[in-house]
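Worksheet: the structure to be examined is printed underneath.
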Amino acid sequence: MTMSYEQAVAALIEAGRRLDARGWAPATSGNYSARLDDGSVALTVSGRHKGRLTGDGIMRVDLDGRPLTAGKPSAETDLHLALYRLFPEAGAVLHGHSPQAVGLSRATEADGITLAGHEMLKAYPGHTTHAAEVRLPIVDNSQDMAVIEAAIRPALLVPGAIPAYLIRSHGLYAWGKDVDEAERVLEATEWMIAAELAEASFRRAWTR
Ligand SMILES: CSC[C@@H](O)[C@@H](O)C(=O)COP(=O)(O)O
Ligand SMILES: [Zn+2]
């Protein structure tokens, strides 16, 4: 699902305010994008505080990352564009830096965690029951987006893969057919991470 530039600017500004209010966009972290009607992409300008975006904090790039309007595109533009190229149905990508997601990624060296049995799994597109398990892939961080992209791509193409992945010590990427769906995926994933953390701390407390 695509939108006009004006619709995308409004939707991304509002998403930034909500994600910042939840503590997922501190200190200029995070970046957001939406696919536009003409096939180009509206994307946050690099270095802006994502909870306080104004219209000039969003710019347009083509699918190769060439700027179509003034501004310096997000340092992570290539990760957004890779998702749009890989998934023609993706209409928006949101990236947050929550402490829980980052803490989880640092507590394991595994290449992912399993989320199983949560009613919240039904927030993922196409999921209709809690009686399921999905893998949230985790990839090591790099300042070279091509390295991250090449490392994560196989996990994204596994049948049944969820539209989200975690970069270790960095943050969570989520996408969907539009900004609302991408935000729902991000929120649901963050919620399940928080629930798993709460479960682990209760279990630790009760075995003392
Ligand atoms: C301290 S901000 C973190 C950044 O390095 C980066 O990871 C990020 O999410 C925001 O980068 P940006 O270039 O503003 O899109
Ligand atoms: Zn980031």
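Labeling convention for the structure tokens: chains A, B, ... as they appear, residues from 1 per chain, ligands from 1 in order of appearance.
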
- Task: Let me have all residues with an atom within 8 Å of ligand 1, counting only C-alpha atoms and all ligand atoms, laid out as a list in words.
- Result: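 Written in the requested form, the residues are Pro26, Ala27, Thr28, Ser29, Gly30, Asn31, Tyr32, Thr44, Val45, Ser46, Gly47, Arg48, His49, Lys50, Pro73, Ser74, Ala75, Glu76, Thr77, His95, Gly96, His97, His170 and Gly171 of chain A.
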
Mind writing the picked residues with N, CA and C atoms as a PDB file, in the first residue's frame?
ATOM      1  N   PRO A  26      15.295   7.549  21.726  1.00  0.00           N
ATOM      2  CA  PRO A  26      16.091   8.535  22.453  1.00  0.00           C
ATOM      3  C   PRO A  26      17.266   9.064  21.624  1.00  0.00           C
ATOM      4  N   ALA A  27      17.649  10.302  21.892  1.00  0.00           N
ATOM      5  CA  ALA A  27      18.937  10.839  21.412  1.00  0.00           C
ATOM      6  C   ALA A  27      19.126  10.734  19.896  1.00  0.00           C
ATOM      7  N   THR A  28      18.127  11.099  19.143  1.00  0.00           N
ATOM      8  CA  THR A  28      18.119  11.076  17.658  1.00  0.00           C
ATOM      9  C   THR A  28      18.123   9.663  17.064  1.00  0.00           C
ATOM     10  N   SER A  29      17.991   8.631  17.906  1.00  0.00           N
ATOM     11  CA  SER A  29      18.018   7.268  17.354  1.00  0.00           C
ATOM     12  C   SER A  29      16.718   6.939  16.636  1.00  0.00           C
ATOM     13  N   GLY A  30      16.783   5.897  15.810  1.00  0.00           N
ATOM     14  CA  GLY A  30      15.648   5.421  15.037  1.00  0.00           C
ATOM     15  C   GLY A  30      15.564   6.111  13.684  1.00  0.00           C
ATOM     16  N   ASN A  31      14.843   5.477  12.768  1.00  0.00           N
ATOM     17  CA  ASN A  31      14.559   6.081  11.457  1.00  0.00           C
ATOM     18  C   ASN A  31      13.326   5.407  10.887  1.00  0.00           C
ATOM     19  N   TYR A  32      12.605   6.150  10.068  1.00  0.00           N
ATOM     20  CA  TYR A  32      11.292   5.712   9.589  1.00  0.00           C
ATOM     21  C   TYR A  32      11.161   6.021   8.106  1.00  0.00           C
ATOM     22  N   THR A  44      13.258   9.513   6.981  1.00  0.00           N
ATOM     23  CA  THR A  44      13.711  10.551   7.910  1.00  0.00           C
ATOM     24  C   THR A  44      15.127  11.019   7.563  1.00  0.00           C
ATOM     25  N   VAL A  45      15.324  12.340   7.731  1.00  0.00           N
ATOM     26  CA  VAL A  45      16.642  12.956   7.552  1.00  0.00           C
ATOM     27  C   VAL A  45      17.538  12.499   8.707  1.00  0.00           C
ATOM     28  N   SER A  46      18.816  12.290   8.432  1.00  0.00           N
ATOM     29  CA  SER A  46      19.753  11.807   9.446  1.00  0.00           C
ATOM     30  C   SER A  46      19.948  12.826  10.569  1.00  0.00           C
ATOM     31  N   GLY A  47      20.010  12.291  11.785  1.00  0.00           N
ATOM     32  CA  GLY A  47      20.419  13.110  12.921  1.00  0.00           C
ATOM     33  C   GLY A  47      19.310  13.900  13.580  1.00  0.00           C
ATOM     34  N   ARG A  48      18.093  13.806  13.088  1.00  0.00           N
ATOM     35  CA  ARG A  48      16.970  14.526  13.714  1.00  0.00           C
ATOM     36  C   ARG A  48      16.444  13.743  14.919  1.00  0.00           C
ATOM     37  N   HIS A  49      15.916  14.471  15.903  1.00  0.00           N
ATOM     38  CA  HIS A  49      15.236  13.787  16.998  1.00  0.00           C
ATOM     39  C   HIS A  49      13.894  13.297  16.474  1.00  0.00           C
ATOM     40  N   LYS A  50      13.669  11.984  16.529  1.00  0.00           N
ATOM     41  CA  LYS A  50      12.518  11.417  15.843  1.00  0.00           C
ATOM     42  C   LYS A  50      11.203  11.635  16.600  1.00  0.00           C
ATOM     43  N   PRO A  73      20.069  11.782   3.889  1.00  0.00           N
ATOM     44  CA  PRO A  73      19.215  10.662   4.302  1.00  0.00           C
ATOM     45  C   PRO A  73      19.788   9.897   5.495  1.00  0.00           C
ATOM     46  N   SER A  74      18.907   9.237   6.224  1.00  0.00           N
ATOM     47  CA  SER A  74      19.301   8.400   7.357  1.00  0.00           C
ATOM     48  C   SER A  74      20.536   7.572   7.047  1.00  0.00           C
ATOM     49  N   ALA A  75      21.377   7.417   8.073  1.00  0.00           N
ATOM     50  CA  ALA A  75      22.565   6.571   7.936  1.00  0.00           C
ATOM     51  C   ALA A  75      22.183   5.123   7.612  1.00  0.00           C
ATOM     52  N   GLU A  76      20.923   4.769   7.903  1.00  0.00           N
ATOM     53  CA  GLU A  76      20.475   3.380   7.706  1.00  0.00           C
ATOM     54  C   GLU A  76      19.533   3.237   6.512  1.00  0.00           C
ATOM     55  N   THR A  77      19.580   4.223   5.614  1.00  0.00           N
ATOM     56  CA  THR A  77      18.738   4.203   4.408  1.00  0.00           C
ATOM     57  C   THR A  77      18.825   2.861   3.691  1.00  0.00           C
ATOM     58  N   HIS A  95      12.170   1.794  12.629  1.00  0.00           N
ATOM     59  CA  HIS A  95      13.332   1.277  13.379  1.00  0.00           C
ATOM     60  C   HIS A  95      13.417   2.001  14.712  1.00  0.00           C
ATOM     61  N   GLY A  96      13.407   1.225  15.813  1.00  0.00           N
ATOM     62  CA  GLY A  96      13.486   1.820  17.146  1.00  0.00           C
ATOM     63  C   GLY A  96      14.678   1.307  17.927  1.00  0.00           C
ATOM     64  N   HIS A  97      15.013   2.060  18.980  1.00  0.00           N
ATOM     65  CA  HIS A  97      16.140   1.712  19.855  1.00  0.00           C
ATOM     66  C   HIS A  97      15.618   1.562  21.284  1.00  0.00           C
ATOM     67  N   HIS A 170      21.887  -2.611  19.117  1.00  0.00           N
ATOM     68  CA  HIS A 170      21.498  -1.490  18.262  1.00  0.00           C
ATOM     69  C   HIS A 170      19.985  -1.256  18.331  1.00  0.00           C
ATOM     70  N   GLY A 171      19.170  -2.106  17.733  1.00  0.00           N
ATOM     71  CA  GLY A 171      17.730  -1.853  17.780  1.00  0.00           C
ATOM     72  C   GLY A 171      16.950  -2.759  16.864  1.00  0.00           C
TER      73      GLY A 171
END

- Query: In region 70-187 of chain A, what's alpha helix (DSSP H) per DSSP? Answer as a ChimeraX atom specification?
  - Reply: /A:77-86,99-107,145-156,179-187

- Message: Here is a test: counting only C-alpha atoms, which residue of A:Arg203, A:Arg106, A:Arg18, A:His118 is nearest to Val139 (chain A)?
- Response: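 Selected residue with least distance to Val139 (chain A): A:Arg106.
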
- Spatial neighbours of region 184-190 of chain A, 7 Å, only C-alpha atoms, chain gap at least 5 places, as a ChimeraX atom specification: /A:101,120,123-124,174-175

Let's have the selection written as a CSV table (one decimal), in the first residue's frame, with N, CA and C atoms.
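What ended up in selection.csv:
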chain,number,residue,atom,x,y,z
A,101,ALA,N,14.8,-4.3,23.9
A,101,ALA,CA,15.2,-5.0,22.7
A,101,ALA,C,16.7,-5.1,22.6
A,120,MET,N,-0.2,-12.3,21.7
A,120,MET,CA,0.2,-11.1,20.9
A,120,MET,C,0.8,-11.5,19.5
A,123,ALA,N,-0.9,-10.3,16.4
A,123,ALA,CA,-0.6,-9.0,15.8
A,123,ALA,C,0.2,-9.0,14.5
A,124,TYR,N,0.9,-10.2,14.3
A,124,TYR,CA,1.6,-10.3,13.0
A,124,TYR,C,0.7,-10.6,11.9
A,174,ALA,N,11.1,-3.1,11.9
A,174,ALA,CA,9.8,-3.8,11.7
A,174,ALA,C,9.2,-3.1,10.5
A,175,TRP,N,8.4,-3.9,9.7
A,175,TRP,CA,7.8,-3.3,8.5
A,175,TRP,C,6.4,-3.9,8.3

- Message: Considering only strand (DSSP E) as DSSP defines it on the backbone, what residues of region 58-206 of chain A qualify? List them as a ChimeraX atom specification.
- Response: /A:58-61,92-96,112-116,133-139,164-167,171-176

- Item | Separation of CA of Val134 (chain A) from CA of Val93 (chain A), in Å and rounded to one decimal | 19.7 Å

With region 33-37 of chain A as the partner and 7 Å as the cut-off, tabulate the residues of region 57-140 of chain A that qualify, each row holding the nearest pair of atoms and their distance in Å to one decimal, using only C-alpha atoms, sorted by chain and rising number, as JSON lines.
{"residue": "A:Gly91", "atom": "CA", "partner": "A:Arg35", "partner_atom": "CA", "distance": 4.9}
{"residue": "A:Ala92", "atom": "CA", "partner": "A:Ala34", "partner_atom": "CA", "distance": 4.1}
{"residue": "A:Val93", "atom": "CA", "partner": "A:Ser33", "partner_atom": "CA", "distance": 5.3}
{"residue": "A:Leu94", "atom": "CA", "partner": "A:Ser33", "partner_atom": "CA", "distance": 6.6}

Produce a file of the selected residues containing C-alpha atoms, as a short mmCIF file (atom, residue, chain, number, x, y, z; two decimals), in the first residue's frame.
data_model
loop_
_atom_site.label_atom_id
_atom_site.label_comp_id
_atom_site.auth_asym_id
_atom_site.auth_seq_id
_atom_site.Cartn_x
_atom_site.Cartn_y
_atom_site.Cartn_z
CA GLY A 91 4.84 -0.01 2.45
CA ALA A 92 6.56 1.26 5.60
CA VAL A 93 9.60 0.50 7.75
CA LEU A 94 10.13 1.63 11.35
#

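Coordinates place CA of Glu181 (chain A) at a distance of 21.7 Å from CA of Arg52 (chain A).
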
- What's the 7 Å shell around region 158-167 of chain A, counting only C-alpha atoms, without same-chain residues fewer than 2 positions away, as JSON, numbers by chain? {"A": [136, 137, 138, 139, 140, 141, 154, 155, 156, 169, 170, 171, 172, 173, 174, 175, 176]}

- Å distance separating CA of Leu19 (chain A) from CA of Ala107 (chain A), one decimal place: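 Straight-line distance from CA of Leu19 (chain A) to CA of Ala107 (chain A) works out to 23.5 Å.
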
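Across A:Thr108, A:Ser98, A:Thr69, A:Gln7, the tightest approach to ligand 2 is made by A:Ser98 when counting only C-alpha atoms and all ligand atoms.
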
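The list of residues with at least one atom within 8 Å of Leu63 (chain A), based on only C-alpha atoms and without residues fewer than 5 positions apart in the same chain, reads A:Gly39, A:Ser40, A:Val41, A:Leu81, A:Tyr84, A:Arg85.
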
Write the selection just made, keeping N, CA and C atoms, as a PDB file, in the first residue's frame?
ATOM      1  N   GLY A  39       6.713   5.197  -6.334  1.00  0.00           N
ATOM      2  CA  GLY A  39       7.771   4.191  -6.199  1.00  0.00           C
ATOM      3  C   GLY A  39       8.985   4.693  -5.433  1.00  0.00           C
ATOM      4  N   SER A  40       9.046   6.002  -5.160  1.00  0.00           N
ATOM      5  CA  SER A  40      10.143   6.510  -4.342  1.00  0.00           C
ATOM      6  C   SER A  40       9.782   6.308  -2.867  1.00  0.00           C
ATOM      7  N   VAL A  41      10.663   6.756  -1.985  1.00  0.00           N
ATOM      8  CA  VAL A  41      10.497   6.479  -0.555  1.00  0.00           C
ATOM      9  C   VAL A  41      10.655   7.775   0.240  1.00  0.00           C
ATOM     10  N   LEU A  81      15.792   0.455   2.229  1.00  0.00           N
ATOM     11  CA  LEU A  81      15.604   0.193   0.795  1.00  0.00           C
ATOM     12  C   LEU A  81      15.718  -1.292   0.481  1.00  0.00           C
ATOM     13  N   TYR A  84      12.362  -2.790   1.055  1.00  0.00           N
ATOM     14  CA  TYR A  84      11.395  -2.477  -0.016  1.00  0.00           C
ATOM     15  C   TYR A  84      11.692  -3.287  -1.275  1.00  0.00           C
ATOM     16  N   ARG A  85      12.985  -3.512  -1.544  1.00  0.00           N
ATOM     17  CA  ARG A  85      13.323  -4.289  -2.747  1.00  0.00           C
ATOM     18  C   ARG A  85      12.957  -5.762  -2.564  1.00  0.00           C
TER      19      ARG A  85
END

- Item | Who sits within 10 Å of Ala146 (chain A), only C-alpha atoms, same chain under 4 positions skipped, as a list in words | Glu76, Asp78, Leu79, Ala82, Ser142, Ala150, Ala151 and Ile152 of chain A

Would you mind exporting C-alpha atoms of the selected residues as a PDB file, in the first residue's frame?
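File out-v1.pdb, as written:
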ATOM      1  CA  GLU A  76      20.475   3.380   7.706  1.00  0.00           C
ATOM      2  CA  ASP A  78      20.185   1.086   2.762  1.00  0.00           C
ATOM      3  CA  LEU A  79      18.481  -1.191   5.315  1.00  0.00           C
ATOM      4  CA  ALA A  82      16.735  -3.420   0.977  1.00  0.00           C
ATOM      5  CA  SER A 142      28.055  -3.065  11.848  1.00  0.00           C
ATOM      6  CA  ALA A 150      23.788  -9.531   3.651  1.00  0.00           C
ATOM      7  CA  ALA A 151      23.896 -11.214   7.066  1.00  0.00           C
ATOM      8  CA  ILE A 152      20.179 -10.847   7.799  1.00  0.00           C
TER       9      ILE A 152
END

- Note on the structure: Min atom-atom distance to ligand 2 from the set A:Tyr5, A:Phe202, A:Trp191, A:Trp24, counting only C-alpha atoms and all ligand atoms, belongs to A:Trp24

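Comparing the minimum interatomic distances between ligand 2 and each of A:Gly55, A:Leu43, A:Ala25, A:Met3, counting only C-alpha atoms and all ligand atoms, we find that A:Ala25 sits nearest.
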